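First comes the structure, then the notes that go with it.
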Amino acid sequence: MPGMRMTAATLLLLVCCGAAAAAGLSARHAWIRLLPGDLPAAGYLELVNTGADSVRLTGAQSPGFGTIELHESSEQSGVARMRRVERLAIPAGGTLVLEPRGYHLMLSGPSGDLQPGERVPVTLEFSDGTRLPVSFLLRDASGR
Amino acid sequence: MTRPRHNLWAVAVLLMLAAGCARSPSPWGLHDISGLMPPLVFTLHDGSGHIRHAYDFRGEVVLLYFGYTHCPDICPTTLASLVSATRRLGAAADRTRILFVSVDPARDSPAVLQRYQQAFGPRVTALSGTPAQLRELTRRYRVSYGLGKPDADGRYEVSHSSAVFIFDRDGAARLLATGTDGAGKIATDLKRLLDG
Ligand SMILES: [Cu+2]
């Protein structure tokens, strides 16, 4: 069962491997839009970097989802698209905003028991090897 | 599958805007496309698998949007904004209909469409069709869509129009909204259409 395997893998990462926590990085307004069934969800948040160095967000893991990718939406010349991006930079003293119609986490393979109003932990991974655990509020398809 | 092409409706809107400069200011907040797009005509199926025609929705102001359910960001954001616009109409919301047409029928079976529309409430009806039916409808409104290459897991992205076409209760094309038009602006024009 892929959901179970992911849970175990994430626990292992969180508990035993002891990657350094991200210094100078904090998250706010973290929420996830759930769609019905096994449709992929979108995650949004603001990442503030009060550190002296630029950091890049490179990935994320969560016991609530099978895989998480960084994505960018665009609407140009009347065409809406979505593409995967490998990393997103948070400049020193700057803020990275993931928001509807822009950058987002694409969370595929939701575990069946996620409910709007609850929270799910997501571990963000950065280019310097640090990690940041963030609690995301689950919202419904309309973002409520 | 069709690759995304340049969207002709954007050109049509530019022409219309250019023409508009010479005329009196438009009473509409959104783009007025009266006479520039054909009336609403389609044959598709709904979440019960039943065939639906455009004339089933005569009597309602129709908001037509193309997308796909595996779209976690732009499609639900747009649908939520359209639903929010209709809510602002109060009881008159009952005379509006948001048609979400999936251009990804391979993944969007009737059962998926049914669950998807329920997540957005009673004003949304999710539809899809055969590739030929979808081609005919998208060509009619000069929009395109394209299915990307599947990755190793068989997942793929879909490019689709960001336009929302709005039809009056007789099925005539009247207004064009884009994803970035706010719910308040859309609601104002919907009210005007319903009153007119
Ligand atoms: Cu995405």
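Simple scheme: letters A, B, ... for chains in structure tokens order, numbers from 1 for residues in each chain, numbers from 1 for ligands in the order shown.
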Spatial neighbours of stretch 66-73 of chain B, max dist 8 Å, only C-alpha atoms, sep filter under 5 positions, as a PDB file with N, CA and C atoms, in the first residue's frame:
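Below is the file around.pdb, written as the result:
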ATOM      1  N   ARG A  33      -5.815  22.891  -0.887  1.00  0.00           N
ATOM      2  CA  ARG A  33      -7.136  22.720  -1.483  1.00  0.00           C
ATOM      3  C   ARG A  33      -7.334  21.255  -1.845  1.00  0.00           C
ATOM      4  N   LEU A  35      -9.408  18.207  -3.516  1.00  0.00           N
ATOM      5  CA  LEU A  35     -10.421  17.896  -4.524  1.00  0.00           C
ATOM      6  C   LEU A  35     -10.979  16.510  -4.212  1.00  0.00           C
ATOM      7  N   LEU A  39      -8.120  12.837  -6.761  1.00  0.00           N
ATOM      8  CA  LEU A  39      -7.585  13.927  -7.586  1.00  0.00           C
ATOM      9  C   LEU A  39      -6.472  14.646  -6.836  1.00  0.00           C
ATOM     10  N   PRO A  40      -5.472  15.173  -7.562  1.00  0.00           N
ATOM     11  CA  PRO A  40      -4.375  15.874  -6.891  1.00  0.00           C
ATOM     12  C   PRO A  40      -4.861  17.165  -6.233  1.00  0.00           C
ATOM     13  N   ALA A  41      -4.190  17.537  -5.143  1.00  0.00           N
ATOM     14  CA  ALA A  41      -4.514  18.752  -4.400  1.00  0.00           C
ATOM     15  C   ALA A  41      -3.444  19.805  -4.686  1.00  0.00           C
ATOM     16  N   ALA A  42      -3.735  21.055  -4.302  1.00  0.00           N
ATOM     17  CA  ALA A  42      -2.745  22.128  -4.435  1.00  0.00           C
ATOM     18  C   ALA A  42      -2.458  22.700  -3.057  1.00  0.00           C
ATOM     19  N   SER A  73       1.671  27.647 -12.296  1.00  0.00           N
ATOM     20  CA  SER A  73       0.575  27.859 -13.240  1.00  0.00           C
ATOM     21  C   SER A  73       0.827  29.143 -13.996  1.00  0.00           C
ATOM     22  N   PRO A 100      -2.822  30.708  -5.323  1.00  0.00           N
ATOM     23  CA  PRO A 100      -3.632  30.301  -6.467  1.00  0.00           C
ATOM     24  C   PRO A 100      -3.246  31.066  -7.734  1.00  0.00           C
ATOM     25  N   ARG A 101      -3.200  30.338  -8.860  1.00  0.00           N
ATOM     26  CA  ARG A 101      -2.822  30.847 -10.189  1.00  0.00           C
ATOM     27  C   ARG A 101      -1.330  31.107 -10.328  1.00  0.00           C
ATOM     28  N   HIS A 104       2.663  26.628  -6.771  1.00  0.00           N
ATOM     29  CA  HIS A 104       1.942  25.814  -5.790  1.00  0.00           C
ATOM     30  C   HIS A 104       2.644  24.480  -5.622  1.00  0.00           C
ATOM     31  N   MET A 106       1.993  20.642  -5.854  1.00  0.00           N
ATOM     32  CA  MET A 106       0.986  19.721  -6.366  1.00  0.00           C
ATOM     33  C   MET A 106       1.143  18.419  -5.605  1.00  0.00           C
TER      34      MET A 106
ATOM     35  N   PHE B 100     -18.877  23.353 -16.570  1.00  0.00           N
ATOM     36  CA  PHE B 100     -17.454  22.991 -16.594  1.00  0.00           C
ATOM     37  C   PHE B 100     -17.301  21.870 -17.610  1.00  0.00           C
ATOM     38  N   VAL B 101     -16.634  22.154 -18.726  1.00  0.00           N
ATOM     39  CA  VAL B 101     -16.470  21.137 -19.765  1.00  0.00           C
ATOM     40  C   VAL B 101     -15.055  20.575 -19.684  1.00  0.00           C
ATOM     41  N   SER B 102     -14.949  19.306 -19.301  1.00  0.00           N
ATOM     42  CA  SER B 102     -13.635  18.664 -19.233  1.00  0.00           C
ATOM     43  C   SER B 102     -13.165  18.307 -20.639  1.00  0.00           C
ATOM     44  N   VAL B 103     -11.942  18.735 -20.964  1.00  0.00           N
ATOM     45  CA  VAL B 103     -11.333  18.371 -22.251  1.00  0.00           C
ATOM     46  C   VAL B 103     -10.431  17.140 -22.084  1.00  0.00           C
ATOM     47  N   ASP B 104     -10.602  16.440 -20.960  1.00  0.00           N
ATOM     48  CA  ASP B 104      -9.771  15.268 -20.639  1.00  0.00           C
ATOM     49  C   ASP B 104     -10.673  14.055 -20.383  1.00  0.00           C
ATOM     50  N   ASP B 108     -11.605  11.772 -17.111  1.00  0.00           N
ATOM     51  CA  ASP B 108     -12.819  12.305 -16.493  1.00  0.00           C
ATOM     52  C   ASP B 108     -14.052  11.535 -16.938  1.00  0.00           C
ATOM     53  N   LEU B 113     -16.752  13.160 -13.011  1.00  0.00           N
ATOM     54  CA  LEU B 113     -17.422  14.449 -13.236  1.00  0.00           C
ATOM     55  C   LEU B 113     -18.485  14.698 -12.169  1.00  0.00           C
ATOM     56  N   TYR B 116     -16.936  15.581  -8.893  1.00  0.00           N
ATOM     57  CA  TYR B 116     -16.276  16.887  -9.013  1.00  0.00           C
ATOM     58  C   TYR B 116     -17.303  18.014  -8.912  1.00  0.00           C
ATOM     59  N   GLU B 157      -0.183  16.695 -18.051  1.00  0.00           N
ATOM     60  CA  GLU B 157      -0.820  17.991 -17.868  1.00  0.00           C
ATOM     61  C   GLU B 157      -1.655  18.300 -19.107  1.00  0.00           C
ATOM     62  N   VAL B 158      -2.611  19.189 -18.937  1.00  0.00           N
ATOM     63  CA  VAL B 158      -3.487  19.590 -20.034  1.00  0.00           C
ATOM     64  C   VAL B 158      -3.473  21.110 -20.112  1.00  0.00           C
ATOM     65  N   HIS B 160      -5.346  24.427 -21.484  1.00  0.00           N
ATOM     66  CA  HIS B 160      -6.749  24.689 -21.822  1.00  0.00           C
ATOM     67  C   HIS B 160      -7.003  26.180 -21.805  1.00  0.00           C
ATOM     68  N   SER B 161      -8.138  26.578 -22.338  1.00  0.00           N
ATOM     69  CA  SER B 161      -8.465  27.998 -22.402  1.00  0.00           C
ATOM     70  C   SER B 161      -8.704  28.557 -21.005  1.00  0.00           C
ATOM     71  N   SER B 162      -8.300  29.811 -20.789  1.00  0.00           N
ATOM     72  CA  SER B 162      -8.591  30.440 -19.502  1.00  0.00           C
ATOM     73  C   SER B 162      -9.844  31.324 -19.599  1.00  0.00           C
ATOM     74  N   ALA B 163     -10.544  31.252 -20.718  1.00  0.00           N
ATOM     75  CA  ALA B 163     -11.706  32.118 -20.927  1.00  0.00           C
ATOM     76  C   ALA B 163     -12.970  31.546 -20.296  1.00  0.00           C
ATOM     77  N   VAL B 164     -13.832  32.433 -19.821  1.00  0.00           N
ATOM     78  CA  VAL B 164     -15.173  32.051 -19.385  1.00  0.00           C
ATOM     79  C   VAL B 164     -16.153  32.766 -20.320  1.00  0.00           C
TER      80      VAL B 164
END
#### Entry: helix (DSSP H, G or I) per DSSP on the backbone: members of chain A, as a ChimeraX atom specification
/A:2-15
### Message
Write out as an MDAnalysis selection string the set of residues from stretch 20-143 of chain A that DSSP, computed on the backbone, places in strand (DSSP E or B).
### Response
chainID A and resid 21 25:33 41:49 55:61 65:76 79:85 88:90 95:98 103:110 119:126 131:139
### Query
Near chain B, which residues of chain A fall within 10 Å when you count only C-alpha atoms, and what do they look like as a ChimeraX atom specification?
/A:32-44,71-84,99-108,140-144
Writer output for current selection, C-alpha atoms, as a compact mmCIF listing (two decimals), in the first residue's frame:
# COMPACT_ATOMS: atom_id res chain seq x y z
CA ILE A 32 -4.21 22.84 0.91
CA ARG A 33 -7.14 22.72 -1.48
CA LEU A 34 -8.59 19.20 -1.47
CA LEU A 35 -10.42 17.90 -4.52
CA PRO A 36 -12.77 14.90 -4.38
CA GLY A 37 -11.59 11.30 -4.63
CA ASP A 38 -7.96 10.72 -5.55
CA LEU A 39 -7.58 13.93 -7.59
CA PRO A 40 -4.38 15.87 -6.89
CA ALA A 41 -4.51 18.75 -4.40
CA ALA A 42 -2.75 22.13 -4.44
CA GLY A 43 -0.76 23.54 -1.51
CA TYR A 44 -0.09 27.21 -0.85
CA HIS A 71 4.47 23.58 -9.89
CA GLU A 72 3.86 26.86 -11.63
CA SER A 73 0.57 27.86 -13.24
CA SER A 74 0.41 30.45 -15.98
CA GLU A 75 -2.29 32.06 -18.07
CA GLN A 76 -0.95 33.64 -21.24
CA SER A 77 -2.64 34.54 -24.52
CA GLY A 78 -5.80 32.98 -23.16
CA VAL A 79 -4.20 29.57 -22.47
CA ALA A 80 -3.89 28.16 -18.94
CA ARG A 81 -1.00 25.80 -18.28
CA MET A 82 0.80 24.15 -15.41
CA ARG A 83 4.42 23.01 -15.40
CA ARG A 84 6.75 21.38 -12.93
CA GLU A 99 -0.69 31.16 -4.17
CA PRO A 100 -3.63 30.30 -6.47
CA ARG A 101 -2.82 30.85 -10.19
CA GLY A 102 0.91 30.96 -9.42
CA TYR A 103 3.43 28.70 -7.74
CA HIS A 104 1.94 25.81 -5.79
CA LEU A 105 2.72 22.42 -4.37
CA MET A 106 0.99 19.72 -6.37
CA LEU A 107 0.13 16.92 -3.95
CA SER A 108 -0.82 13.68 -5.68
CA ASP A 140 -12.45 22.16 0.44
CA ALA A 141 -12.46 22.50 -3.36
CA SER A 142 -13.62 26.12 -3.11
CA GLY A 143 -10.83 26.99 -0.69
CA ARG A 144 -13.13 27.29 2.34
### Task
Write out as a PyMOL selection string the residues lying within 12 Å of B:Ser34, counting only C-alpha atoms and excluding same-chain residues fewer than 6 positions away.
chain B and resi 12-13+16+26+28+165-168+171-176+193
Expected file contents, prior selection, N, CA and C atoms, as a compact mmCIF listing (two decimals), in the first residue's frame:
# COMPACT_ATOMS: atom_id res chain seq x y z
N ALA B 12 -9.96 38.23 -31.45
CA ALA B 12 -11.32 38.77 -31.60
C ALA B 12 -11.58 39.85 -30.55
N VAL B 13 -11.11 39.58 -29.33
CA VAL B 13 -11.33 40.55 -28.26
C VAL B 13 -10.58 41.84 -28.54
N MET B 16 -12.40 43.76 -31.03
CA MET B 16 -13.60 44.32 -30.42
C MET B 16 -13.24 45.53 -29.57
N SER B 26 -18.75 51.04 -22.91
CA SER B 26 -19.55 49.85 -22.71
C SER B 26 -20.18 49.88 -21.31
N TRP B 28 -20.75 47.30 -19.73
CA TRP B 28 -20.33 46.05 -19.09
C TRP B 28 -18.95 46.18 -18.48
N PHE B 165 -16.89 31.98 -21.11
CA PHE B 165 -17.86 32.55 -22.04
C PHE B 165 -19.22 32.61 -21.34
N ILE B 166 -19.86 33.77 -21.44
CA ILE B 166 -21.14 33.95 -20.75
C ILE B 166 -22.24 34.17 -21.78
N PHE B 167 -23.31 33.38 -21.65
CA PHE B 167 -24.42 33.39 -22.59
C PHE B 167 -25.69 33.84 -21.87
N ASP B 168 -26.55 34.57 -22.59
CA ASP B 168 -27.80 35.01 -21.95
C ASP B 168 -28.81 33.85 -21.94
N GLY B 171 -29.31 31.82 -24.94
CA GLY B 171 -28.17 31.10 -25.51
C GLY B 171 -27.27 31.95 -26.39
N ALA B 172 -27.52 33.27 -26.43
CA ALA B 172 -26.66 34.15 -27.24
C ALA B 172 -25.39 34.48 -26.47
N ALA B 173 -24.24 34.46 -27.17
CA ALA B 173 -22.96 34.81 -26.54
C ALA B 173 -22.97 36.30 -26.22
N ARG B 174 -22.64 36.64 -24.99
CA ARG B 174 -22.73 38.05 -24.58
C ARG B 174 -21.44 38.60 -23.99
N LEU B 175 -20.78 37.83 -23.11
CA LEU B 175 -19.63 38.38 -22.37
C LEU B 175 -18.50 37.37 -22.27
N LEU B 176 -17.30 37.90 -22.12
CA LEU B 176 -16.12 37.07 -21.93
C LEU B 176 -15.41 37.52 -20.66
N LEU B 193 -27.33 41.06 -16.92
CA LEU B 193 -27.82 40.12 -17.94
C LEU B 193 -29.17 39.53 -17.53
### Query
Residues at most 7 Å from A:Ala27, counting only C-alpha atoms, excluding those fewer than 3 positions away in the same chain, as a VMD selection string?
chain A and resid 45 to 48 134
Restrict the selected residues to all heavy atoms and save them as a tab-separated table (two decimals), in the first residue's frame.
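Saved the output as selection_25.tsv:
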chain	number	residue	atom	x	y	z
A	45	LEU	N	1.46	28.55	0.46
A	45	LEU	CA	1.98	29.14	1.68
A	45	LEU	C	2.93	30.28	1.35
A	45	LEU	O	3.28	30.49	0.17
A	45	LEU	CB	2.72	28.09	2.55
A	45	LEU	CG	4.17	27.75	2.21
A	45	LEU	CD1	4.83	27.07	3.40
A	45	LEU	CD2	4.27	26.87	0.99
A	46	GLU	N	3.30	31.02	2.36
A	46	GLU	CA	4.34	32.02	2.21
A	46	GLU	C	5.54	31.57	3.04
A	46	GLU	O	5.39	31.16	4.19
A	46	GLU	CB	3.84	33.38	2.71
A	46	GLU	CG	2.74	33.94	1.84
A	46	GLU	CD	2.24	35.29	2.34
A	46	GLU	OE1	2.93	35.93	3.15
A	46	GLU	OE2	1.14	35.68	1.91
A	47	LEU	N	6.72	31.65	2.43
A	47	LEU	CA	7.96	31.29	3.11
A	47	LEU	C	8.81	32.54	3.28
A	47	LEU	O	9.18	33.18	2.28
A	47	LEU	CB	8.72	30.24	2.29
A	47	LEU	CG	8.32	28.78	2.50
A	47	LEU	CD1	9.01	27.91	1.47
A	47	LEU	CD2	8.65	28.34	3.92
A	48	VAL	N	9.10	32.87	4.53
A	48	VAL	CA	9.88	34.07	4.83
A	48	VAL	C	11.29	33.66	5.21
A	48	VAL	O	11.48	32.77	6.05
A	48	VAL	CB	9.22	34.85	5.99
A	48	VAL	CG1	9.98	36.15	6.25
A	48	VAL	CG2	7.76	35.13	5.69
A	134	VAL	N	5.94	21.90	8.36
A	134	VAL	CA	4.88	22.91	8.33
A	134	VAL	C	3.54	22.22	8.42
A	134	VAL	O	3.30	21.20	7.77
A	134	VAL	CB	4.94	23.74	7.01
A	134	VAL	CG1	3.81	24.78	6.98
A	134	VAL	CG2	6.29	24.42	6.85
### Top pick for closest residue to ligand 1, considering A:Glu118, A:Asp128, A:Asp113, A:Glu69 and counting only C-alpha atoms and all ligand atoms
A:Glu69
### Message
Env of stretch 53-65 of chain A: 10 Å cut, atoms = only C-alpha atoms, seq-sep filter 5 positions within chain, self excluded. Answer as a PyMOL selection string.
### Response
chain A and resi 2-11+13+22-25+38+40-41+47+70+85-94+96+105-114+119-134
#### Entry: Which residue of B:Asp170, B:Tyr156, B:Ser109, B:Thr188 approaches ligand 1 most closely, using only C-alpha atoms and all ligand atoms
B:Tyr156
#### Entry: Straight-line distance linking atom CA of B:Thr138 with atom CA of B:Val61, stated in Å to one decimal
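Separating atom CA of B:Thr138 from atom CA of B:Val61 is a distance of 19.3 Å.
When only C-alpha atoms and all ligand atoms are used to measure the gap to ligand 1, the shortest distance among A:Ala52, A:Leu138, A:Ile68, A:Ala30 belongs to A:Ile68.
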### Query
Counting only C-alpha atoms, what is within 10 Å of B:Gln133, bar same-chain residues fewer than 6 positions away, as a ChimeraX atom specification?
/B:42-45,103,139
Just the selected residues (C-alpha atoms), exported as a tab-separated table (two decimals), in the first residue's frame, please.
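Saved file out.tsv follows:
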chain	number	residue	atom	x	y	z
B	42	PHE	CA	-23.22	21.47	-28.06
B	43	THR	CA	-23.82	17.76	-27.53
B	44	LEU	CA	-21.97	16.39	-24.49
B	45	HIS	CA	-22.63	14.04	-21.58
B	103	VAL	CA	-11.33	18.37	-22.25
B	139	ARG	CA	-13.47	25.25	-32.39
